[in-house]
Each structure stands twice: as C-alpha cells, then as structure tokens.
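Enquirer: My structure file entry_15.cif, mmCIF, C-alpha atoms, is below:
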```cif
data_structure
loop_
_atom_site.label_atom_id
_atom_site.label_comp_id
_atom_site.auth_asym_id
_atom_site.auth_seq_id
_atom_site.Cartn_x
_atom_site.Cartn_y
_atom_site.Cartn_z
CA LYS M 1 -2.98 -35.32 -32.87
CA GLN M 2 -4.84 -37.64 -30.53
CA GLU M 3 -7.00 -35.97 -27.90
CA VAL M 4 -8.42 -37.89 -24.97
CA THR M 5 -11.29 -36.56 -22.88
CA GLN M 6 -12.72 -37.82 -19.62
CA ILE M 7 -16.07 -36.65 -18.30
CA PRO M 8 -16.98 -35.99 -15.56
CA ALA M 9 -13.89 -34.54 -13.93
CA ALA M 10 -15.17 -35.61 -10.52
CA LEU M 11 -17.76 -38.06 -9.26
CA SER M 12 -19.07 -38.93 -5.79
CA VAL M 13 -21.10 -42.06 -5.14
CA PRO M 14 -22.29 -43.91 -2.03
CA GLU M 15 -20.60 -47.15 -1.18
CA GLY M 16 -22.04 -50.18 -2.94
CA GLU M 17 -23.13 -48.39 -6.09
CA ASN M 18 -22.13 -49.54 -9.53
CA LEU M 19 -20.62 -46.76 -11.62
CA VAL M 20 -19.30 -45.98 -15.09
CA LEU M 21 -16.41 -43.73 -16.02
CA ASN M 22 -16.21 -42.41 -19.55
CA CYS M 23 -13.31 -41.83 -21.91
CA SER M 24 -13.43 -40.55 -25.48
CA PHE M 25 -10.67 -40.19 -28.06
CA THR M 26 -10.56 -38.37 -31.37
CA ASP M 27 -8.38 -40.68 -33.47
CA SER M 28 -9.76 -44.20 -33.72
CA ALA M 29 -6.47 -45.58 -35.11
CA ILE M 30 -5.28 -46.78 -31.74
CA TYR M 31 -3.23 -49.81 -30.84
CA ASN M 32 -4.78 -50.17 -27.41
CA LEU M 33 -6.64 -48.27 -24.71
CA GLN M 34 -5.43 -48.37 -21.13
CA TRP M 35 -6.98 -47.49 -17.78
CA PHE M 36 -4.95 -46.41 -14.77
CA ARG M 37 -5.54 -45.52 -11.16
CA GLN M 38 -3.71 -42.72 -9.36
CA ASP M 39 -3.84 -42.15 -5.62
CA PRO M 40 -3.11 -38.62 -4.32
CA GLY M 41 0.54 -37.71 -4.63
CA LYS M 42 1.45 -41.07 -6.14
CA GLY M 43 2.32 -42.56 -9.49
CA LEU M 44 -0.04 -44.45 -11.78
CA THR M 45 -1.04 -48.08 -11.48
CA SER M 46 -2.15 -49.95 -14.56
CA LEU M 47 -5.64 -51.44 -14.22
CA LEU M 48 -6.71 -52.74 -17.62
CA LEU M 49 -5.41 -52.78 -21.18
CA ILE M 50 -7.77 -53.38 -24.10
CA GLN M 51 -6.23 -54.24 -27.44
CA SER M 52 -7.79 -52.55 -30.48
CA SER M 53 -9.16 -55.92 -31.61
CA GLN M 54 -10.92 -56.52 -28.28
CA ARG M 55 -14.24 -55.22 -27.04
CA GLU M 56 -13.66 -55.55 -23.31
CA GLN M 57 -11.41 -56.65 -20.49
CA THR M 58 -12.27 -57.64 -16.94
CA SER M 59 -10.32 -57.71 -13.71
CA GLY M 60 -12.22 -58.45 -10.53
CA ARG M 61 -14.88 -55.77 -10.05
CA LEU M 62 -13.55 -53.75 -13.00
CA ASN M 63 -14.71 -54.07 -16.56
CA ALA M 64 -13.45 -51.88 -19.38
CA SER M 65 -15.05 -51.72 -22.81
CA LEU M 66 -13.81 -50.30 -26.07
CA ASP M 67 -15.75 -49.03 -29.09
CA LYS M 68 -13.12 -47.87 -31.56
CA SER M 69 -15.56 -46.75 -34.21
CA SER M 70 -17.21 -44.27 -31.89
CA GLY M 71 -13.99 -43.34 -30.11
CA ARG M 72 -15.21 -44.37 -26.68
CA SER M 73 -14.18 -46.49 -23.74
CA THR M 74 -15.88 -47.03 -20.41
CA LEU M 75 -14.65 -48.33 -17.08
CA TYR M 76 -17.35 -50.05 -15.06
CA ILE M 77 -16.77 -50.50 -11.33
CA ALA M 78 -19.14 -52.87 -9.57
CA ALA M 79 -20.12 -52.60 -5.91
CA SER M 80 -17.90 -49.60 -5.23
CA GLN M 81 -15.89 -49.41 -2.01
CA PRO M 82 -14.24 -46.48 -0.19
CA GLY M 83 -10.88 -47.96 -1.20
CA ASP M 84 -11.81 -47.31 -4.82
CA SER M 85 -11.52 -43.57 -4.19
CA ALA M 86 -8.80 -42.29 -6.50
CA THR M 87 -8.33 -40.58 -9.85
CA TYR M 88 -8.89 -42.82 -12.85
CA LEU M 89 -7.13 -42.02 -16.10
CA CYS M 90 -7.49 -43.47 -19.53
CA ALA M 91 -4.82 -43.37 -22.20
CA ALA M 92 -4.69 -44.21 -25.89
CA ASP M 93 -1.65 -45.94 -27.34
CA GLN M 94 -1.14 -44.99 -30.98
CA THR M 95 1.91 -47.12 -31.75
CA GLY M 96 1.90 -50.16 -29.49
CA ALA M 97 5.02 -48.98 -27.73
CA ASN M 98 3.29 -47.38 -24.75
CA ASN M 99 3.61 -43.91 -26.25
CA LEU M 100 0.44 -42.81 -24.50
CA PHE M 101 -1.98 -39.92 -24.84
CA PHE M 102 -3.72 -39.35 -21.51
CA GLY M 103 -7.03 -37.88 -20.50
CA THR M 104 -7.12 -35.54 -17.51
CA GLY M 105 -8.85 -38.11 -15.33
CA THR M 106 -11.98 -38.56 -13.26
CA ARG M 107 -11.59 -38.10 -9.52
CA LEU M 108 -13.81 -40.68 -7.83
CA THR M 109 -14.94 -40.45 -4.22
CA VAL M 110 -16.83 -43.38 -2.72
CA ILE M 111 -18.67 -42.29 0.40
CA PRO M 112 -18.96 -44.85 3.23
CA ASP U 1 8.35 -57.09 -7.26
CA VAL U 2 8.37 -54.58 -10.09
CA LYS U 3 9.98 -51.28 -9.22
CA VAL U 4 10.53 -47.92 -10.87
CA THR U 5 12.41 -45.68 -8.48
CA GLN U 6 12.62 -41.92 -8.70
CA SER U 7 15.31 -40.96 -6.26
CA SER U 8 14.12 -37.43 -5.51
CA ARG U 9 10.53 -37.05 -4.39
CA TYR U 10 10.56 -33.36 -3.58
CA LEU U 11 12.95 -30.74 -4.93
CA VAL U 12 13.10 -26.97 -4.73
CA LYS U 13 15.43 -25.30 -7.23
CA ARG U 14 16.21 -21.76 -8.25
CA THR U 15 15.56 -20.30 -11.68
CA GLY U 16 18.50 -20.95 -13.97
CA GLU U 17 19.82 -23.96 -12.07
CA LYS U 18 20.59 -27.21 -13.87
CA VAL U 19 18.36 -29.96 -12.51
CA PHE U 20 18.76 -33.72 -12.78
CA LEU U 21 15.87 -36.11 -12.16
CA GLU U 22 16.94 -39.71 -11.90
CA CYS U 23 14.91 -42.82 -12.60
CA VAL U 24 15.95 -46.45 -12.19
CA GLN U 25 14.00 -49.58 -13.08
CA ASP U 26 14.85 -53.10 -11.96
CA MET U 27 12.90 -55.03 -14.60
CA ASP U 28 15.38 -54.98 -17.50
CA HIS U 29 12.82 -53.07 -19.57
CA GLU U 30 13.84 -51.64 -22.91
CA ASN U 31 11.42 -48.72 -22.91
CA MET U 32 11.56 -45.79 -20.53
CA PHE U 33 9.53 -42.59 -20.44
CA TRP U 34 9.40 -39.19 -18.78
CA TYR U 35 6.05 -37.42 -18.34
CA ARG U 36 5.03 -34.28 -16.55
CA GLN U 37 1.65 -33.93 -14.91
CA ASP U 38 -0.10 -30.61 -14.40
CA PRO U 39 -3.61 -29.86 -13.14
CA GLY U 40 -6.06 -29.56 -16.00
CA LEU U 41 -3.50 -30.69 -18.56
CA GLY U 42 -2.99 -34.28 -17.52
CA LEU U 43 0.15 -36.23 -18.32
CA ARG U 44 2.25 -35.08 -21.23
CA LEU U 45 5.17 -37.01 -22.68
CA ILE U 46 8.52 -35.21 -22.57
CA TYR U 47 10.99 -37.81 -23.85
CA PHE U 48 11.20 -41.55 -24.25
CA SER U 49 13.84 -44.13 -25.00
CA TYR U 50 13.60 -47.57 -26.59
CA ASP U 51 17.16 -48.61 -25.91
CA VAL U 52 20.43 -47.56 -24.34
CA LYS U 53 21.76 -44.32 -25.80
CA MET U 54 18.56 -43.85 -27.80
CA LYS U 55 16.11 -41.03 -27.18
CA GLU U 56 13.04 -39.68 -28.88
CA LYS U 57 11.20 -36.42 -28.34
CA GLY U 58 7.70 -36.55 -26.96
CA ASP U 59 5.08 -33.83 -27.09
CA ILE U 60 6.83 -31.21 -24.95
CA PRO U 61 10.64 -31.64 -25.16
CA GLU U 62 11.52 -27.95 -25.13
CA GLY U 63 13.70 -27.03 -22.17
CA TYR U 64 14.51 -30.65 -21.36
CA SER U 65 17.08 -33.24 -22.34
CA VAL U 66 17.61 -36.86 -21.34
CA SER U 67 20.38 -39.35 -20.87
CA ARG U 68 20.31 -43.13 -21.03
CA GLU U 69 23.80 -44.50 -20.58
CA LYS U 70 22.63 -47.73 -18.95
CA LYS U 71 19.53 -49.77 -19.64
CA GLU U 72 18.14 -49.41 -16.14
CA ARG U 73 18.65 -45.66 -15.75
CA PHE U 74 16.92 -42.78 -17.52
CA SER U 75 17.72 -39.24 -16.46
CA LEU U 76 15.75 -36.09 -17.20
CA ILE U 77 17.77 -32.88 -17.33
CA LEU U 78 16.48 -29.34 -17.08
CA GLU U 79 19.35 -27.33 -18.53
CA SER U 80 18.20 -24.02 -17.02
CA ALA U 81 15.18 -24.41 -14.79
CA SER U 82 12.33 -21.95 -15.17
CA THR U 83 9.23 -21.38 -13.07
CA ASN U 84 6.98 -22.86 -15.75
CA GLN U 85 8.76 -26.17 -15.22
CA THR U 86 7.31 -26.45 -11.72
CA SER U 87 5.41 -29.69 -11.96
CA MET U 88 5.18 -33.34 -10.99
CA TYR U 89 7.46 -35.51 -13.09
CA LEU U 90 6.69 -39.17 -13.62
CA CYS U 91 9.07 -41.79 -14.94
CA ALA U 92 7.80 -45.07 -16.42
CA SER U 93 9.13 -48.22 -18.02
CA SER U 94 7.75 -51.07 -20.09
CA GLU U 95 8.81 -54.03 -22.16
CA GLY U 96 7.38 -53.84 -25.66
CA VAL U 97 3.61 -53.57 -25.63
CA ASN U 98 3.26 -54.97 -22.14
CA THR U 99 2.15 -53.28 -18.95
CA ILE U 100 3.74 -49.92 -18.24
CA TYR U 101 4.98 -49.24 -14.72
CA PHE U 102 5.24 -45.80 -13.17
CA GLY U 103 7.41 -44.41 -10.42
CA GLU U 104 6.02 -42.48 -7.48
CA GLY U 105 6.77 -39.12 -9.04
CA SER U 106 9.10 -36.21 -8.36
CA TRP U 107 7.60 -32.90 -7.28
CA LEU U 108 9.75 -30.08 -8.59
CA THR U 109 9.28 -26.46 -7.54
CA VAL U 110 11.31 -23.79 -9.31
CA VAL U 111 11.48 -20.47 -7.48
#
```
Go ahead and render the structure in this file as structure tokens.

Expert:
Amino acid sequence: KQEVTQIPAALSVPEGENLVLNCSFTDSAIYNLQWFRQDPGKGLTSLLLIQSSQREQTSGRLNASLDKSSGRSTLYIAASQPGDSATYLCAADQTGANNLFFGTGTRLTVIP
Amino acid sequence: DVKVTQSSRYLVKRTGEKVFLECVQDMDHENMFWYRQDPGLGLRLIYFSYDVKMKEKGDIPEGYSVSREKKERFSLILESASTNQTSMYLCASSEGVNTIYFGEGSWLTVV
C-alpha cells in the first residue's frame, strides 16, 4: 500500500525567503502527484498536479518537481509571504481517478 | 465558480445515533469522494463513487455507508455513531483525472 511522508511537520521562515517542502512516497507506480494547500479549519485547495511523465510544474511563485524513481517530490515557494502560511499536503494518485494517498502535511508559517 | 457544499459544518451527535453528512457539487462531476482527516493520520479515503448509484470502498469503510441517488449529491452515513468517529469529514469531486475540488469540511463530534 502506498505511503506518503512529509518532512518536516512544521516550518517557520521569515518573509521573503525561498523554501522547499518535501514529499516522499513508497510506491513509484503513480499516475500523478498533487500538492494542496489547507487553511485552518478549511477544505483543501489544489495547487499543482504533476503527471508521472512530467518532471515539474509551475504556477506563479510555486514550482513542484517529481522524481518517480527516487519516490520524491518537492514544492518550492519563492519569495514567501505571510499569506502563504498554511498547511501544505502532497498526495499520490495511483489510478488516475483521483483516488489519493495523502501525506500528513507540512504546516508553514511565514513570519512578517 | 466551482462549488462543493457540505451542508453541515459542525455537528454534535450522541453515541449510537444515525448520522447523515450531505455533500452537493454543482459541476456535473462524475467522481465524488468522502475522506476523514485526523491529526497525525492525515486524510484517509472512506468511500468514493464514479457514477450515480455506484460506490466503492476506500481505505477505512468500516462503520460507514454512502448513498448516491443523484449525480450531484453524495451522502455519508454513520449507521451507529461511535466516539472514534469524531473527526473532520471532507467531501470532494472531480471529473476524470482533472483537478479535484474539496468542500469546507464537516466537524463531527460524537459524545
């Protein structure tokens, strides 16, 4: 069964820093890898989806990479802002039907 | 604008009660999902559905059932609520392999 791990569980950075969030998965036979954002007490918002055939995806200040062979994905956030403070979750899709296995998330705090 | 609506945001129920959590999406999506989210355990899939009247078990279906009589509505049912079902429940929908959309969540406390 797929297991997804995110380390660290929490991260604090000063505003303006670039940062990297890590995600690892045990079964490399994935269809895609997805990154989400969750604000306290809210649902999840999709940020980026990387197909298994892709190496990276970019959206604004966010860049996600995928290395299937090593079972790793990273989410790079450039020039962090206080509004980026949230929990970031990654999820592996095994089937291509959004049947997702989630990590437990990294809680990011950007300090003004 | 895309919308997944969970009608009950906060519920408190007694042990043994039958509980219904309702979810409606307005995007004509085929796929709908129910997850629960617990601290330290992350999101775990309870049930999902790829079409009306279809349902598939996820990772933790025990103690739950679902109903999908109409395409836009996916209900999660706790037949006899127990304290270990206290959790945040998240509904989601998607069309094929495209972006998945989540509702705001339903916080259920069973006392």

Enquirer: Residues at most 10 Å from Tyr31 in chain M, counting all atoms listed in the file, excluding those fewer than 2 positions away in the same chain, as a PyMOL selection string?

Expert: (chain M and resi 28-29+33+50-53+92-98) or (chain U and resi 97)

Enquirer: Mind telling me what the PyMOL selection byres ((chain M and resi 1-8) around 12) catches here, as a PyMOL selection string?

Expert: (chain M and resi 9-12+20-30+33-35+71-75+87-95+99-108) or (chain U and resi 40-44+59)

Enquirer: For range 35-38 of chain U, please output as an mmCIF file with C-alpha atoms, keeping the file's coordinate frame all residues within 6 Å (counting all atoms listed in the file; exclusion window: fewer than 5 positions along the same chain).

Expert:
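Written out: selection.cif:
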```
data_model
loop_
_atom_site.group_PDB
_atom_site.id
_atom_site.type_symbol
_atom_site.label_atom_id
_atom_site.label_comp_id
_atom_site.auth_asym_id
_atom_site.auth_seq_id
_atom_site.Cartn_x
_atom_site.Cartn_y
_atom_site.Cartn_z
ATOM 1 C CA LEU U 43 0.150 -36.230 -18.320
ATOM 2 C CA ARG U 44 2.250 -35.080 -21.230
ATOM 3 C CA LEU U 45 5.170 -37.010 -22.680
ATOM 4 C CA ILE U 46 8.520 -35.210 -22.570
ATOM 5 C CA MET U 88 5.180 -33.340 -10.990
ATOM 6 C CA TYR U 89 7.460 -35.510 -13.090
ATOM 7 C CA LEU U 90 6.690 -39.170 -13.620
#
```

Enquirer: Rounded to one decimal, what separation in Å do you get between CA of His29 in chain U and CA of Val66 in chain U?

Expert: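 According to the coordinates, CA of His29 in chain U and CA of Val66 in chain U are separated by 17.0 Å.
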
Enquirer: Which residue, U:Val110, U:Val4, U:Met27, U:Leu11, has the smallest gap to chain M when you use only C-alpha atoms?

Expert: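 So, comparing all the options, the nearest one is U:Val4.
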
Enquirer: Using all atoms listed in the file, what residues lie at most 7 Å away from (7.8, -46.5, -13.6) (file coordinates), given as a list in words?

Expert: Lys3, Val4, Thr5, Gln25, Cys91, Ala92, Ser93, Tyr101, Phe102 and Gly103 of chain U

Enquirer: In terms of the shortest atom-to-atom distance over only C-alpha atoms, which of U:Thr86, U:Asn98, U:Ser67, U:Ser75 is closest to chain M?

Expert: U:Asn98

Enquirer: Set the distance at 9 Å and use only C-alpha atoms: which residues neighbour Gln85 in chain U once local chain neighbours fewer than 6 positions away are removed? I'd like the list as a compact mmCIF listing (two decimals) with C-alpha atoms, keeping the file's coordinate frame.

Expert:
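Produced file out.txt, reproduced below:
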```txt
# COMPACT_ATOMS: atom_id res chain seq x y z
CA GLY U 63 13.70 -27.03 -22.17
CA LEU U 78 16.48 -29.34 -17.08
CA LEU U 108 9.75 -30.08 -8.59
CA THR U 109 9.28 -26.46 -7.54
CA VAL U 110 11.31 -23.79 -9.31
```

Enquirer: Given the file shown, enumerate the residues that the PyMOL selection byres ((chain U and resi 31) around 6) captures and present them as a list of chain:residue names.

Expert: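 Expected selection for the PyMOL selection byres ((chain U and resi 31) around 6) here is U:His29, U:Glu30, U:Met32, U:Ser49, U:Tyr50, U:Ser93, U:Ser94, U:Glu95.
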
Enquirer: Could you work out how far CA of Tyr76 in chain M lies from CA of Val13 in chain M, giving the answer in Å with one decimal?

Expert: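 For CA of Val13 in chain M relative to CA of Tyr76 in chain M, the distance reads 13.3 Å.
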
Enquirer: Around the point (18.8, -40.6, -16.7), in the coordinates given by the file, pick out the residues reaching within 10 Å, counting only C-alpha atoms, and return them as a list in words.

Expert: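 These residues have at least one counted atom within 10 Å: Phe20, Leu21, Glu22, Cys23, Val24, Met32, Trp34, Ser65, Val66, Ser67, Arg68, Glu69, Lys70, Lys71, Glu72, Arg73, Phe74, Ser75, Leu76, Ile77 and Cys91 of chain U.
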
Enquirer: Only C-alpha atoms, please: the residues just picked out, written as a PDB file, keeping the file's coordinate frame.

Expert:
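What ended up in selection-v2.pdb:
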```pdb
ATOM      1  CA  PHE U  20      18.760 -33.720 -12.780  1.00  0.00           C
ATOM      2  CA  LEU U  21      15.870 -36.110 -12.160  1.00  0.00           C
ATOM      3  CA  GLU U  22      16.940 -39.710 -11.900  1.00  0.00           C
ATOM      4  CA  CYS U  23      14.910 -42.820 -12.600  1.00  0.00           C
ATOM      5  CA  VAL U  24      15.950 -46.450 -12.190  1.00  0.00           C
ATOM      6  CA  MET U  32      11.560 -45.790 -20.530  1.00  0.00           C
ATOM      7  CA  TRP U  34       9.400 -39.190 -18.780  1.00  0.00           C
ATOM      8  CA  SER U  65      17.080 -33.240 -22.340  1.00  0.00           C
ATOM      9  CA  VAL U  66      17.610 -36.860 -21.340  1.00  0.00           C
ATOM     10  CA  SER U  67      20.380 -39.350 -20.870  1.00  0.00           C
ATOM     11  CA  ARG U  68      20.310 -43.130 -21.030  1.00  0.00           C
ATOM     12  CA  GLU U  69      23.800 -44.500 -20.580  1.00  0.00           C
ATOM     13  CA  LYS U  70      22.630 -47.730 -18.950  1.00  0.00           C
ATOM     14  CA  LYS U  71      19.530 -49.770 -19.640  1.00  0.00           C
ATOM     15  CA  GLU U  72      18.140 -49.410 -16.140  1.00  0.00           C
ATOM     16  CA  ARG U  73      18.650 -45.660 -15.750  1.00  0.00           C
ATOM     17  CA  PHE U  74      16.920 -42.780 -17.520  1.00  0.00           C
ATOM     18  CA  SER U  75      17.720 -39.240 -16.460  1.00  0.00           C
ATOM     19  CA  LEU U  76      15.750 -36.090 -17.200  1.00  0.00           C
ATOM     20  CA  ILE U  77      17.770 -32.880 -17.330  1.00  0.00           C
ATOM     21  CA  CYS U  91       9.070 -41.790 -14.940  1.00  0.00           C
TER      22      CYS U  91
END
```

Enquirer: Measure the distance from CA of Arg9 in chain U to CA of Trp107 in chain U in Å and round it to one decimal.

Expert: 5.8 Å
